[in-house]
Every structure is written in structure tokens, then in C-alpha cells.
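Just model-v2.txt here, compact mmCIF, C-alpha atoms and all ligand atoms:
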# COMPACT_ATOMS: atom_id res chain seq x y z
CA THR X 1 -10.55 5.63 19.43
CA LYS X 2 -13.26 3.07 19.73
CA LEU X 3 -15.50 3.77 22.67
CA THR X 4 -15.93 0.50 24.48
CA LYS X 5 -18.78 -0.14 26.86
CA GLU X 6 -16.30 0.21 29.68
CA TRP X 7 -15.21 3.61 28.41
CA LEU X 8 -18.81 4.79 28.14
CA GLN X 9 -19.56 3.46 31.63
CA ASN X 10 -16.61 5.32 33.15
CA TYR X 11 -17.58 8.45 31.28
CA VAL X 12 -21.16 8.39 32.58
CA ASP X 13 -19.96 7.52 36.12
CA ASP X 14 -17.68 10.55 36.14
CA TRP X 15 -20.40 12.93 35.07
CA VAL X 16 -22.94 11.54 37.52
CA THR X 17 -20.40 12.16 40.29
CA PHE X 18 -19.82 15.66 38.97
CA TYR X 19 -23.49 16.60 38.69
CA ARG X 20 -24.39 15.05 42.02
CA LYS X 21 -22.86 18.19 43.53
CA HIS X 22 -25.61 20.14 41.77
CA THR X 23 -28.30 18.35 43.76
CA LYS X 24 -27.59 20.78 46.60
CA GLU X 25 -29.49 23.33 44.57
CA GLY X 26 -33.25 23.00 44.20
CA GLU X 27 -35.84 21.40 46.43
CA VAL X 28 -37.82 18.19 46.41
CA ALA X 29 -41.51 18.60 45.57
CA SER X 30 -43.45 19.13 48.76
CA TYR X 31 -46.95 20.00 47.62
CA ILE X 32 -47.63 16.27 47.60
CA PRO X 33 -46.46 15.46 51.17
CA LEU X 34 -45.15 11.99 50.41
CA LEU X 35 -42.86 13.23 47.64
CA ALA X 36 -41.14 15.44 50.24
CA GLN X 37 -39.59 12.30 51.74
CA ALA X 38 -37.32 11.83 48.71
CA ASP X 39 -33.57 12.22 49.30
CA LYS X 40 -32.46 15.26 47.31
CA ARG X 41 -28.87 14.00 47.03
CA HIS X 42 -29.94 11.15 44.77
CA LEU X 43 -29.00 11.21 41.10
CA GLY X 44 -29.09 8.32 38.67
CA ILE X 45 -29.23 7.60 34.96
CA SER X 46 -30.02 4.59 32.81
CA ILE X 47 -29.47 4.44 29.05
CA THR X 48 -30.77 1.65 26.81
CA GLY X 49 -29.80 1.52 23.16
CA ILE X 50 -31.94 0.09 20.36
CA ASN X 51 -28.98 -2.21 19.76
CA GLY X 52 -29.33 -3.58 23.30
CA MET X 53 -26.46 -1.82 25.04
CA THR X 54 -27.28 -0.56 28.53
CA ILE X 55 -25.34 1.81 30.76
CA GLU X 56 -26.46 2.63 34.29
CA SER X 57 -24.92 4.89 36.86
CA GLY X 58 -25.65 6.51 40.22
CA ASN X 59 -28.77 5.84 42.27
CA VAL X 60 -30.47 3.48 39.88
CA GLN X 61 -32.11 1.27 42.51
CA ILE X 62 -34.46 3.88 43.96
CA PRO X 63 -38.04 3.28 42.80
CA PHE X 64 -40.03 6.44 42.07
CA THR X 65 -43.56 7.31 40.99
CA ILE X 66 -43.85 8.44 37.41
CA GLN X 67 -46.06 11.48 38.11
CA SER X 68 -46.38 13.62 34.97
CA ILE X 69 -44.54 11.08 32.85
CA SER X 70 -47.81 9.12 33.02
CA LYS X 71 -49.34 11.84 30.84
CA VAL X 72 -47.41 10.47 27.88
CA PHE X 73 -48.68 6.97 28.51
CA THR X 74 -52.37 7.85 28.98
CA PHE X 75 -52.17 10.01 25.86
CA ILE X 76 -50.80 7.04 23.92
CA ILE X 77 -53.53 4.75 25.29
CA ALA X 78 -56.30 7.27 24.55
CA CYS X 79 -55.04 7.58 20.95
CA MET X 80 -54.95 3.80 20.65
CA GLU X 81 -58.46 3.42 22.08
CA ARG X 82 -60.24 6.35 20.46
CA GLY X 83 -58.06 7.29 17.49
CA ILE X 84 -55.72 10.27 17.15
CA SER X 85 -58.24 12.68 15.64
CA TYR X 86 -60.83 12.00 18.35
CA VAL X 87 -58.29 12.86 21.03
CA LEU X 88 -56.93 15.91 19.22
CA ASP X 89 -60.46 17.25 18.80
CA ARG X 90 -60.55 17.45 22.60
CA VAL X 91 -57.05 18.53 23.52
CA ASP X 92 -54.76 20.84 21.56
CA VAL X 93 -51.06 20.42 20.82
CA GLU X 94 -49.71 23.88 21.77
CA PRO X 95 -47.22 24.64 24.54
CA THR X 96 -48.63 26.90 27.26
CA GLY X 97 -45.57 28.70 28.55
CA ALA X 98 -47.32 28.47 31.93
CA ALA X 99 -46.80 26.15 34.90
CA PHE X 100 -48.08 22.59 34.51
CA ASN X 101 -50.87 23.14 37.00
CA SER X 102 -51.76 26.65 35.89
CA ILE X 103 -55.39 27.63 36.11
CA MET X 104 -54.95 31.05 34.58
CA HIS X 105 -54.53 29.85 31.01
CA LEU X 106 -57.80 27.94 31.21
CA GLU X 107 -59.60 31.24 31.33
CA MET X 108 -58.25 32.53 28.06
CA LYS X 109 -61.16 33.67 25.99
CA GLN X 110 -61.14 31.43 22.95
CA LEU X 111 -60.10 28.30 24.80
CA LYS X 112 -62.29 25.47 23.57
CA LYS X 113 -59.96 22.72 24.67
CA PRO X 114 -56.95 22.49 26.98
CA PHE X 115 -53.63 23.51 25.43
CA ASN X 116 -51.89 20.14 25.37
CA PRO X 117 -52.07 16.67 26.93
CA PHE X 118 -48.96 17.20 29.09
CA VAL X 119 -50.23 19.98 31.33
CA ASN X 120 -52.61 18.91 34.08
CA ALA X 121 -55.75 20.30 32.40
CA GLY X 122 -55.02 18.40 29.18
CA ALA X 123 -53.92 15.25 30.96
CA ILE X 124 -57.04 15.16 33.13
CA THR X 125 -59.13 15.60 29.97
CA VAL X 126 -57.26 12.74 28.26
CA THR X 127 -57.78 10.51 31.30
CA SER X 128 -61.52 11.18 31.11
CA LEU X 129 -61.48 9.75 27.56
CA LEU X 130 -60.16 6.35 28.64
CA ASN X 131 -62.60 3.45 28.40
CA GLY X 132 -63.83 1.88 31.62
CA LYS X 133 -66.29 2.46 34.43
CA THR X 134 -63.84 2.40 37.36
CA SER X 135 -60.37 3.85 37.74
CA ASP X 136 -58.85 0.36 37.77
CA GLU X 137 -60.73 -0.56 34.60
CA LYS X 138 -59.58 2.64 32.91
CA LEU X 139 -55.98 1.81 33.69
CA VAL X 140 -56.00 -1.82 32.51
CA PRO X 141 -54.67 -0.99 29.01
CA LEU X 142 -51.97 1.28 30.45
CA PHE X 143 -50.73 -1.46 32.78
CA GLN X 144 -50.90 -3.88 29.87
CA LEU X 145 -48.82 -1.56 27.72
CA LEU X 146 -46.22 -1.22 30.47
CA GLU X 147 -46.19 -4.98 30.96
CA ASN X 148 -45.71 -5.52 27.22
CA ILE X 149 -42.69 -3.24 27.29
CA LEU X 150 -41.18 -4.13 30.67
CA GLY X 151 -42.10 -7.79 31.04
CA TYR X 152 -43.71 -7.23 34.44
CA ARG X 153 -46.64 -5.30 35.85
CA PRO X 154 -45.49 -2.22 37.80
CA ARG X 155 -47.05 -1.60 41.19
CA LEU X 156 -49.17 1.30 42.29
CA ASN X 157 -47.71 3.17 45.26
CA MET X 158 -50.86 3.43 47.39
CA ASP X 159 -49.22 5.83 49.88
CA VAL X 160 -48.34 8.31 47.14
CA PHE X 161 -51.83 7.85 45.68
CA ALA X 162 -53.41 8.68 49.06
CA SER X 163 -51.09 11.66 49.44
CA GLU X 164 -52.00 12.97 45.96
CA LYS X 165 -55.67 12.60 46.71
CA GLU X 166 -55.41 14.45 50.00
CA SER X 167 -53.51 17.36 48.51
CA SER X 168 -55.51 17.71 45.33
CA MET X 169 -57.15 21.10 45.69
CA ARG X 170 -55.56 22.61 42.62
CA ASN X 171 -56.25 19.59 40.43
CA ARG X 172 -59.83 19.71 41.66
CA ALA X 173 -60.06 23.37 40.73
CA ILE X 174 -58.76 22.52 37.25
CA GLY X 175 -61.21 19.61 37.12
CA TYR X 176 -64.25 21.74 37.94
CA TYR X 177 -63.21 24.22 35.31
CA LEU X 178 -62.96 21.41 32.77
CA VAL X 179 -66.44 20.24 33.72
CA GLU X 180 -67.72 23.76 33.14
CA ILE X 181 -66.27 24.01 29.63
CA GLY X 182 -67.53 20.52 28.81
CA SER X 183 -64.14 18.85 28.38
CA LEU X 184 -64.59 15.75 30.49
CA GLU X 185 -66.19 12.58 29.17
CA SER X 186 -66.19 10.80 32.52
CA ASP X 187 -67.43 11.84 35.93
CA LEU X 188 -64.98 14.23 37.62
CA GLU X 189 -64.32 12.12 40.74
CA LEU X 190 -63.68 9.02 38.65
CA THR X 191 -61.38 10.97 36.33
CA LEU X 192 -59.36 12.48 39.18
CA GLU X 193 -59.03 9.16 40.96
CA THR X 194 -57.71 7.63 37.73
CA TYR X 195 -55.34 10.55 37.25
CA PHE X 196 -53.91 10.27 40.78
CA LYS X 197 -53.44 6.55 40.30
CA GLN X 198 -51.61 6.90 36.99
CA CYS X 199 -49.27 9.44 38.65
CA SER X 200 -48.58 6.95 41.46
CA ILE X 201 -47.33 4.09 39.29
CA GLU X 202 -43.90 3.14 40.55
CA ILE X 203 -41.08 2.07 38.25
CA SER X 204 -37.28 2.13 38.05
CA LEU X 205 -34.78 3.99 35.92
CA LYS X 206 -34.09 0.93 33.84
CA ASP X 207 -37.81 0.78 33.03
CA LEU X 208 -37.89 4.43 31.97
CA ALA X 209 -34.92 3.94 29.67
CA ARG X 210 -36.54 0.89 28.11
CA ILE X 211 -39.83 2.68 27.46
CA GLY X 212 -37.84 5.57 25.95
CA MET X 213 -35.98 3.15 23.73
CA ILE X 214 -39.27 1.69 22.42
CA LEU X 215 -40.45 5.23 21.62
CA ALA X 216 -37.11 5.98 19.94
CA ASN X 217 -37.77 2.94 17.76
CA ASP X 218 -41.23 4.29 16.80
CA GLY X 219 -43.09 1.93 19.11
CA GLU X 220 -41.54 -1.32 17.95
CA ASP X 221 -39.57 -3.77 20.10
CA PRO X 222 -36.26 -4.06 18.21
CA LYS X 223 -35.67 -7.63 19.37
CA THR X 224 -39.04 -9.24 18.70
CA GLU X 225 -40.11 -6.69 16.03
CA LYS X 226 -43.45 -6.57 17.81
CA LYS X 227 -45.43 -3.36 17.29
CA ILE X 228 -46.24 -2.22 20.81
CA ILE X 229 -47.32 1.34 20.03
CA PRO X 230 -48.59 2.36 16.57
CA ARG X 231 -45.92 4.34 14.75
CA GLN X 232 -48.10 7.44 14.20
CA VAL X 233 -49.00 7.55 17.88
CA ALA X 234 -45.38 7.16 18.96
CA ARG X 235 -44.33 9.97 16.62
CA LEU X 236 -47.06 12.29 17.87
CA ALA X 237 -46.12 11.55 21.48
CA LYS X 238 -42.49 12.44 20.71
CA ALA X 239 -43.47 15.69 18.99
CA LEU X 240 -45.46 16.66 22.07
CA MET X 241 -42.64 15.66 24.38
CA LEU X 242 -40.30 17.94 22.48
CA THR X 243 -42.67 20.93 22.49
CA CYS X 244 -44.48 20.46 25.82
CA GLY X 245 -42.67 17.75 27.80
CA MET X 246 -40.61 19.82 30.22
CA TYR X 247 -43.35 22.13 31.47
CA ASN X 248 -42.58 25.80 30.89
CA ALA X 249 -38.92 24.98 30.30
CA SER X 250 -39.69 22.96 27.15
CA GLY X 251 -38.28 25.61 24.82
CA LYS X 252 -34.98 25.73 26.68
CA PHE X 253 -34.74 21.96 26.81
CA ALA X 254 -35.34 21.73 23.05
CA ALA X 255 -32.77 24.43 22.42
CA TYR X 256 -30.03 23.16 24.72
CA VAL X 257 -30.62 19.40 24.80
CA GLY X 258 -32.63 18.84 21.65
CA ILE X 259 -34.37 15.52 22.26
CA PRO X 260 -37.98 14.68 23.20
CA ALA X 261 -38.38 14.27 26.96
CA LYS X 262 -40.99 14.30 29.69
CA SER X 263 -40.45 15.10 33.34
CA GLY X 264 -42.38 14.40 36.52
CA VAL X 265 -42.31 16.16 39.90
CA SER X 266 -40.79 13.08 41.49
CA GLY X 267 -37.59 14.25 39.73
CA SER X 268 -37.73 11.65 37.00
CA ILE X 269 -37.27 12.35 33.29
CA ILE X 270 -37.77 10.06 30.31
CA ALA X 271 -35.79 11.12 27.25
CA VAL X 272 -35.90 9.70 23.75
CA SER X 273 -33.05 9.85 21.30
CA PRO X 274 -34.24 8.66 17.88
CA PRO X 275 -31.79 6.88 15.54
CA ARG X 276 -29.42 9.42 14.05
CA ALA X 277 -26.66 7.48 12.36
CA ARG X 278 -24.92 4.15 12.35
CA ASN X 279 -21.96 4.76 14.55
CA GLU X 280 -19.76 1.99 15.84
CA GLU X 281 -17.93 4.26 18.21
CA LEU X 282 -21.06 5.58 19.78
CA PRO X 283 -23.80 2.93 19.55
CA PHE X 284 -26.32 5.22 21.29
CA LEU X 285 -26.45 7.36 18.15
CA GLU X 286 -28.37 4.47 16.64
CA GLY X 287 -31.19 5.43 19.00
CA CYS X 288 -31.71 5.04 22.73
CA GLY X 289 -33.98 5.77 25.66
CA ILE X 290 -32.66 7.57 28.72
CA GLY X 291 -34.11 7.62 32.22
CA VAL X 292 -32.87 10.15 34.76
CA TYR X 293 -33.80 10.50 38.42
CA GLY X 294 -32.86 13.38 40.70
CA PRO X 295 -35.57 14.64 43.05
CA ALA X 296 -34.09 18.11 43.68
CA LEU X 297 -36.20 20.29 41.39
CA ASP X 298 -35.86 23.72 39.83
CA GLU X 299 -38.63 26.30 39.85
CA GLN X 300 -40.40 24.74 36.87
CA GLY X 301 -40.52 21.37 38.61
CA ASN X 302 -37.76 19.66 36.63
CA SER X 303 -34.80 17.76 38.11
CA ILE X 304 -31.95 20.29 38.32
CA ALA X 305 -29.03 17.89 38.19
CA GLY X 306 -30.97 15.55 35.89
CA ILE X 307 -31.37 18.22 33.22
CA ARG X 308 -27.73 19.26 33.48
CA LEU X 309 -26.56 15.67 33.21
CA LEU X 310 -28.78 15.06 30.19
CA ARG X 311 -27.68 18.29 28.60
CA HIS X 312 -24.03 17.41 29.03
CA ILE X 313 -24.36 13.90 27.65
CA ALA X 314 -26.58 14.96 24.73
CA LYS X 315 -24.06 17.63 23.81
CA GLN X 316 -20.99 15.41 24.08
CA TRP X 317 -22.61 12.57 22.17
CA ASP X 318 -24.29 14.87 19.65
CA LEU X 319 -27.73 13.41 20.37
CA SER X 320 -29.73 16.51 19.36
CA ILE X 321 -32.31 15.67 16.70
CA PHE X 322 -31.58 18.99 15.04
N1 LIG X 401 -49.49 14.30 40.41
C1 LIG X 401 -48.89 15.54 40.03
C2 LIG X 401 -49.94 16.63 39.92
O1 LIG X 401 -50.89 16.47 39.22
C3 LIG X 401 -48.18 15.39 38.75
C4 LIG X 401 -47.60 16.69 38.28
C5 LIG X 401 -46.23 16.60 37.75
O2 LIG X 401 -45.50 15.60 37.80
N2 LIG X 401 -45.82 17.72 37.25
O3 LIG X 401 -49.86 17.65 40.53
Transcribe the structure of this file into C-alpha cells.
Amino acid sequence: TKLTKEWLQNYVDDWVTFYRKHTKEGEVASYIPLLAQADKRHLGISITGINGMTIESGNVQIPFTIQSISKVFTFIIACMERGISYVLDRVDVEPTGAAFNSIMHLEMKQLKKPFNPFVNAGAITVTSLLNGKTSDEKLVPLFQLLENILGYRPRLNMDVFASEKESSMRNRAIGYYLVEIGSLESDLELTLETYFKQCSIEISLKDLARIGMILANDGEDPKTEKKIIPRQVARLAKALMLTCGMYNASGKFAAYVGIPAKSGVSGSIIAVSPPRARNEELPFLEGCGIGVYGPALDEQGNSIAGIRLLRHIAKQWDLSIF
């Protein structure tokens, strides 16, 4: 049977309805007070294929802040500004197996640089490498990159930013530690302000799927053939998403879902399914980006229903890169 767009739409609708029941489990993030206002019953998904097909289902209209997903974007920008080897001299590419905001692993004896750019210590280090003398200046290239991909400039949610700043004790602790080991190339306050701002960028599910699709296509816009992200940088970002993107559940996600992804504590996930095969029945096998939003989180800080929905779809559609 040929899977029409309508068939795929109905299929995704059914499974969103099914997994919405799972949003009863888990809790919304509350350590940043403003994130606690999210509605834990929400669940939505957006899928954009390299071939242009888009499927959306569930709560796709709710804007959310990208939180830790921003770590992928600042890493990409730092690599574009400073070069890959410069960045990798300052932050490693190993999973931690510890929570994203763990302090403990920073104290490990031989640690000369943070484990990877997708835990807070590594991300704060990467943010300190960005060019610019103010936080707004540092984020100009990131906003430009997003505008190049999305066609508009996303807004900064100033309320979430203020909330992050007010509840930042742990990130400050990590920051001071990084200062002590000589990791930061910018002043700590400036770096943290930039980091809280990048976490507070607000976008939609459709946007996440589109960014994922560009990464799936190695950084190139399939329509215009414009190189938005250098291929090597896009590939490196995907490797890190696969190994370190889902906090200390990255191994399980790789094993059970099998595609690069990055989550944020807002309950959003960006997933990237690189081209696997030409397949007329299932056009998404030709590569796609997937955005998922479901603010009820598991203990690792990942969207409970979001992961299950992704896992189901990846399995049924055989999206695993392995
Ligand atoms: N702003 C959050 C923090 O640094 C981002 C963390 C996350 O999404 N895991 O605590």
C-alpha cells in the first residue's frame, strides 16, 4: 500500500492521542519557576521531510523556550566562528552519564575541559567562546542562523530569561568552577547572561522540525541548495546529539530510538533522521527533522510522552540510523 500524506497524518494523530495519556506521568520542570506554568497535558509533534512533506499533530501551536536545545546551536556557531579544533581543544566530546547540571563530574581528577558541549558546564564554556562584548552581540550570529533557516527572527522570552537568572545558583556554581579551571574565555557574568538568553529563545514545533531537517541534510537547504551550516560542523553536532543529546538517557535513546536528538527542560526535543533510502511509500526515510513538545518530564529531564512517541514512530518507520 502506498502511504499517502493523509494516511501518515491519521497515523501520527492516532499515536499522539494514545501517548497523550502518558503525560499524566512525570512533572513539568519547576526549578526555573516560569517553566512550572507549562500545561503537562500538552503533547505535539511536527515532522518536516527533506522532500518538503510536513506532518503536524497535537499541540503544535504552543510556543516554548528551547532551553538545552540551544546548546546545539551555540556549539555550531562557536565552531563556525573559531573553527572545530579550537572548540574541541576546550570542550571534550564524551558523554558524562551524569545529570546535565552535575557539579560532581567537574571535580574528577584529570578533567582539563568539560566533558561535552551539551551538559551545562560544556555549554557555558562554549558560550564563553562566542565573539562579542555584550550578550546581545554574542548572540547575533545565532539569531542570524535561526533567521536563515526559519525565515524570521525568533523572540527572546524575557520572563523566562528573568526566571532563569533568578534561579541560577547551580549554573553559577558550575560557572565559578569553570573560572577556577580556566575554561572561560569571557567574563563569568557576561557568559551566564548569554547562556540564560540562549535558553530563553522561543520557537515553535514547526521551527524545530525545520532546523532538524536542515541538520539531516548536512546543513544545506534542500530547496535553495544554500549551505547554512558547514557540513563538517553539522555532522559533528549530530554525532554529539546521538552520544550526549538526551542527558544521562542518551545511551537508551540511541539504543531504542537510534537517531540524533537533543532535549530541553521545557519538554521539547529536536530529532534528526538523516537520509536512509529512497522510499516512495515512506518519504520521511529520505531524511527529516522532527520536533516534539511535551512538558511532563522524566527524572532525567526529558519529555516522557515525547520520547515514547518518538520511539514508536522511529520504530514503525525504521528511522534508526543503525
Ligand atoms: N536553562 C536550563 C539550565 O541551564 C537549561 C537546562 C536544560 O534544558 N536541561 O538549567
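Closest approach to ligand LIG 401 (chain X) from the set X:Lys226, X:Arg172, X:Lys21, X:Lys206 is made by X:Arg172, with distances taken over all atoms listed in the file.
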>> With only C-alpha atoms as the counted atoms, please give the residues lying no more than 12 Å from Ile307 in chain X, apart from itself and same-chain residues fewer than 6 positions off, as a VMD selection string.
In response: chain X and resid 16 19 to 20 22 to 23 43 to 45 246 249 to 250 252 to 254 256 to 259 261 to 263 267 to 271 290 to 298 300 to 301 313 to 315
Saved selection, atoms kept: C-alpha atoms, as a short mmCIF file (atom, residue, chain, number, x, y, z; two decimals), in the coordinates of the input:
data_model
loop_
_atom_site.label_atom_id
_atom_site.label_comp_id
_atom_site.auth_asym_id
_atom_site.auth_seq_id
_atom_site.Cartn_x
_atom_site.Cartn_y
_atom_site.Cartn_z
CA VAL X 16 -22.94 11.54 37.52
CA TYR X 19 -23.49 16.60 38.69
CA ARG X 20 -24.39 15.05 42.02
CA HIS X 22 -25.61 20.14 41.77
CA THR X 23 -28.30 18.35 43.76
CA LEU X 43 -29.00 11.21 41.10
CA GLY X 44 -29.09 8.32 38.67
CA ILE X 45 -29.23 7.60 34.96
CA MET X 246 -40.61 19.82 30.22
CA ALA X 249 -38.92 24.98 30.30
CA SER X 250 -39.69 22.96 27.15
CA LYS X 252 -34.98 25.73 26.68
CA PHE X 253 -34.74 21.96 26.81
CA ALA X 254 -35.34 21.73 23.05
CA TYR X 256 -30.03 23.16 24.72
CA VAL X 257 -30.62 19.40 24.80
CA GLY X 258 -32.63 18.84 21.65
CA ILE X 259 -34.37 15.52 22.26
CA ALA X 261 -38.38 14.27 26.96
CA LYS X 262 -40.99 14.30 29.69
CA SER X 263 -40.45 15.10 33.34
CA GLY X 267 -37.59 14.25 39.73
CA SER X 268 -37.73 11.65 37.00
CA ILE X 269 -37.27 12.35 33.29
CA ILE X 270 -37.77 10.06 30.31
CA ALA X 271 -35.79 11.12 27.25
CA ILE X 290 -32.66 7.57 28.72
CA GLY X 291 -34.11 7.62 32.22
CA VAL X 292 -32.87 10.15 34.76
CA TYR X 293 -33.80 10.50 38.42
CA GLY X 294 -32.86 13.38 40.70
CA PRO X 295 -35.57 14.64 43.05
CA ALA X 296 -34.09 18.11 43.68
CA LEU X 297 -36.20 20.29 41.39
CA ASP X 298 -35.86 23.72 39.83
CA GLN X 300 -40.40 24.74 36.87
CA GLY X 301 -40.52 21.37 38.61
CA ILE X 313 -24.36 13.90 27.65
CA ALA X 314 -26.58 14.96 24.73
CA LYS X 315 -24.06 17.63 23.81
#
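Near Ile229 in chain X, within 9 Å and counting only C-alpha atoms, sit Ile76, Ile77, Met80, Leu145, Ile214, Leu215, Asp218, Gly219, Glu220, Val233 and Ala234 of chain X; same-chain residues fewer than 4 positions away were not included.
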File dump, residues just selected, C-alpha atoms, as an mmCIF file, in the frame of the given file:
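Here's the written file result-v8.cif:
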data_model
loop_
_atom_site.group_PDB
_atom_site.id
_atom_site.type_symbol
_atom_site.label_atom_id
_atom_site.label_comp_id
_atom_site.auth_asym_id
_atom_site.auth_seq_id
_atom_site.Cartn_x
_atom_site.Cartn_y
_atom_site.Cartn_z
ATOM 1 C CA ILE X 76 -50.800 7.040 23.920
ATOM 2 C CA ILE X 77 -53.530 4.750 25.290
ATOM 3 C CA MET X 80 -54.950 3.800 20.650
ATOM 4 C CA LEU X 145 -48.820 -1.560 27.720
ATOM 5 C CA ILE X 214 -39.270 1.690 22.420
ATOM 6 C CA LEU X 215 -40.450 5.230 21.620
ATOM 7 C CA ASP X 218 -41.230 4.290 16.800
ATOM 8 C CA GLY X 219 -43.090 1.930 19.110
ATOM 9 C CA GLU X 220 -41.540 -1.320 17.950
ATOM 10 C CA VAL X 233 -49.000 7.550 17.880
ATOM 11 C CA ALA X 234 -45.380 7.160 18.960
#
Near range 124-139 of chain X, 12 Å: range 5-116 of chain X residue rows, closest pairs, all atoms listed in the file, as CSV:
residue,atom,partner,partner_atom,distance
X:Ser68,CA,X:Ile124,CA,10.9
X:Ser70,CA,X:Thr127,CA,10.2
X:Lys71,CA,X:Val126,CA,8.4
X:Val72,CA,X:Val126,CA,10.1
X:Phe73,CA,X:Thr127,CA,10.2
X:Thr74,CA,X:Thr127,CA,6.5
X:Phe75,CA,X:Val126,CA,6.3
X:Ile76,CA,X:Val126,CA,9.6
X:Ile77,CA,X:Leu130,CA,7.6
X:Ala78,CA,X:Leu130,CA,5.7
X:Cys79,CA,X:Val126,CA,9.2
X:Met80,CA,X:Leu130,CA,9.9
X:Glu81,CA,X:Leu130,CA,7.4
X:Arg82,CA,X:Leu129,CA,8.0
X:Gly83,CA,X:Leu129,CA,10.9
X:Ile84,CA,X:Val126,CA,11.5
X:Tyr86,CA,X:Leu129,CA,9.5
X:Val87,CA,X:Val126,CA,7.3
X:Leu88,CA,X:Val126,CA,9.6
X:Asp89,CA,X:Val126,CA,11.0
X:Arg90,CA,X:Thr125,CA,7.7
X:Val91,CA,X:Thr125,CA,7.4
X:Asp92,CA,X:Val126,CA,10.8
X:Phe100,CA,X:Ile124,CA,11.7
X:Asn101,CA,X:Ile124,CA,10.8
X:Lys113,CA,X:Thr125,CA,8.9
X:Pro114,CA,X:Thr125,CA,7.8
X:Phe115,CA,X:Thr125,CA,10.7
X:Asn116,CA,X:Val126,CA,9.6
Taking C-alpha atoms for each residue, export the selection above as a PDB file, in the coordinates of the input.
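Listed below is the output, again.pdb:
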ATOM      1  CA  SER X  68     -46.380  13.620  34.970  1.00  0.00           C
ATOM      2  CA  SER X  70     -47.810   9.120  33.020  1.00  0.00           C
ATOM      3  CA  LYS X  71     -49.340  11.840  30.840  1.00  0.00           C
ATOM      4  CA  VAL X  72     -47.410  10.470  27.880  1.00  0.00           C
ATOM      5  CA  PHE X  73     -48.680   6.970  28.510  1.00  0.00           C
ATOM      6  CA  THR X  74     -52.370   7.850  28.980  1.00  0.00           C
ATOM      7  CA  PHE X  75     -52.170  10.010  25.860  1.00  0.00           C
ATOM      8  CA  ILE X  76     -50.800   7.040  23.920  1.00  0.00           C
ATOM      9  CA  ILE X  77     -53.530   4.750  25.290  1.00  0.00           C
ATOM     10  CA  ALA X  78     -56.300   7.270  24.550  1.00  0.00           C
ATOM     11  CA  CYS X  79     -55.040   7.580  20.950  1.00  0.00           C
ATOM     12  CA  MET X  80     -54.950   3.800  20.650  1.00  0.00           C
ATOM     13  CA  GLU X  81     -58.460   3.420  22.080  1.00  0.00           C
ATOM     14  CA  ARG X  82     -60.240   6.350  20.460  1.00  0.00           C
ATOM     15  CA  GLY X  83     -58.060   7.290  17.490  1.00  0.00           C
ATOM     16  CA  ILE X  84     -55.720  10.270  17.150  1.00  0.00           C
ATOM     17  CA  TYR X  86     -60.830  12.000  18.350  1.00  0.00           C
ATOM     18  CA  VAL X  87     -58.290  12.860  21.030  1.00  0.00           C
ATOM     19  CA  LEU X  88     -56.930  15.910  19.220  1.00  0.00           C
ATOM     20  CA  ASP X  89     -60.460  17.250  18.800  1.00  0.00           C
ATOM     21  CA  ARG X  90     -60.550  17.450  22.600  1.00  0.00           C
ATOM     22  CA  VAL X  91     -57.050  18.530  23.520  1.00  0.00           C
ATOM     23  CA  ASP X  92     -54.760  20.840  21.560  1.00  0.00           C
ATOM     24  CA  PHE X 100     -48.080  22.590  34.510  1.00  0.00           C
ATOM     25  CA  ASN X 101     -50.870  23.140  37.000  1.00  0.00           C
ATOM     26  CA  LYS X 113     -59.960  22.720  24.670  1.00  0.00           C
ATOM     27  CA  PRO X 114     -56.950  22.490  26.980  1.00  0.00           C
ATOM     28  CA  PHE X 115     -53.630  23.510  25.430  1.00  0.00           C
ATOM     29  CA  ASN X 116     -51.890  20.140  25.370  1.00  0.00           C
TER      30      ASN X 116
END
>> Show me, as a ChimeraX atom specification, the residues that have an atom within 7 Å of Ala29 in chain X when counting only C-alpha atoms, minus same-chain residues fewer than 4 positions from it.
In response: /X:35-36,265-266,297
>> Quick one: residues within 9 Å of Val160 in chain X, all atoms listed in the file, excluding same-chain residues fewer than 5 positions away - as a VMD selection string?
In response: chain X and resid 32 to 35 65 165 196 to 197 199 to 201
> Restricting the calculation to all atoms listed in the file, which member of X:Glu6, X:Glu225, X:Glu164, X:Glu202 is positioned closest to ligand LIG 401 (chain X)?
Replying inline: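 Ranked by minimum distance to ligand LIG 401 (chain X), first place goes to X:Glu164.
Closest approach to ligand LIG 401 (chain X) among X:Glu56, X:Glu180, X:Glu299, X:Asp39 is made by X:Glu299 (distances from all atoms listed in the file).
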> Using all atoms listed in the file, which of X:Gln9, X:Thr224, X:Ser320, X:Asn171 sits nearest ligand LIG 401 (chain X)?
Replying inline: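 For ligand LIG 401 (chain X), the nearest of the given residues is X:Asn171.
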> Which residues come within 8 Å of Leu3 in chain X, counting all atoms listed in the file, excluding same-chain residues fewer than 4 positions away, as a VMD selection string?
Replying inline: chain X and resid 7 to 8 281 to 282
Listed atoms of range 45-52 of chain X, axis-aligned box, 3 Å per side: centre and edge lengths to one decimal in Å, as JSON?
{"center_x": -30.5, "center_y": 2.0, "center_z": 27.4, "size_x": 9.0, "size_y": 17.2, "size_z": 21.2}
>> One number please: CA of Leu142 in chain X to CA of Ser85 in chain X, in Å, one decimal.
In response: 19.7 Å
Final N, CA and C atoms of range 53-63 of chain X as an mmCIF file, keeping the file's coordinate frame:
data_model
loop_
_atom_site.group_PDB
_atom_site.id
_atom_site.type_symbol
_atom_site.label_atom_id
_atom_site.label_comp_id
_atom_site.auth_asym_id
_atom_site.auth_seq_id
_atom_site.Cartn_x
_atom_site.Cartn_y
_atom_site.Cartn_z
ATOM 1 N N MET X 53 -27.442 -2.232 24.028
ATOM 2 C CA MET X 53 -26.460 -1.820 25.040
ATOM 3 C C MET X 53 -27.128 -1.020 26.155
ATOM 4 N N THR X 54 -26.726 -1.302 27.389
ATOM 5 C CA THR X 54 -27.280 -0.560 28.530
ATOM 6 C C THR X 54 -26.154 -0.036 29.409
ATOM 7 N N ILE X 55 -26.283 1.214 29.811
ATOM 8 C CA ILE X 55 -25.340 1.810 30.760
ATOM 9 C C ILE X 55 -26.168 2.371 31.911
ATOM 10 N N GLU X 56 -25.753 2.084 33.142
ATOM 11 C CA GLU X 56 -26.460 2.630 34.290
ATOM 12 C C GLU X 56 -25.464 3.213 35.252
ATOM 13 N N SER X 57 -25.856 4.285 35.929
ATOM 14 C CA SER X 57 -24.920 4.890 36.860
ATOM 15 C C SER X 57 -25.654 5.677 37.945
ATOM 16 N N GLY X 58 -25.065 5.737 39.120
ATOM 17 C CA GLY X 58 -25.650 6.510 40.220
ATOM 18 C C GLY X 58 -26.741 5.734 40.932
ATOM 19 N N ASN X 59 -27.705 6.470 41.473
ATOM 20 C CA ASN X 59 -28.770 5.840 42.270
ATOM 21 C C ASN X 59 -29.834 5.248 41.360
ATOM 22 N N VAL X 60 -29.549 4.085 40.839
ATOM 23 C CA VAL X 60 -30.470 3.480 39.880
ATOM 24 C C VAL X 60 -31.445 2.507 40.547
ATOM 25 N N GLN X 61 -31.246 2.254 41.833
ATOM 26 C CA GLN X 61 -32.110 1.270 42.510
ATOM 27 C C GLN X 61 -33.314 1.898 43.202
ATOM 28 N N ILE X 62 -33.376 3.232 43.219
ATOM 29 C CA ILE X 62 -34.460 3.880 43.960
ATOM 30 C C ILE X 62 -35.736 3.869 43.114
ATOM 31 N N PRO X 63 -36.787 3.206 43.578
ATOM 32 C CA PRO X 63 -38.040 3.280 42.800
ATOM 33 C C PRO X 63 -38.673 4.659 42.981
#
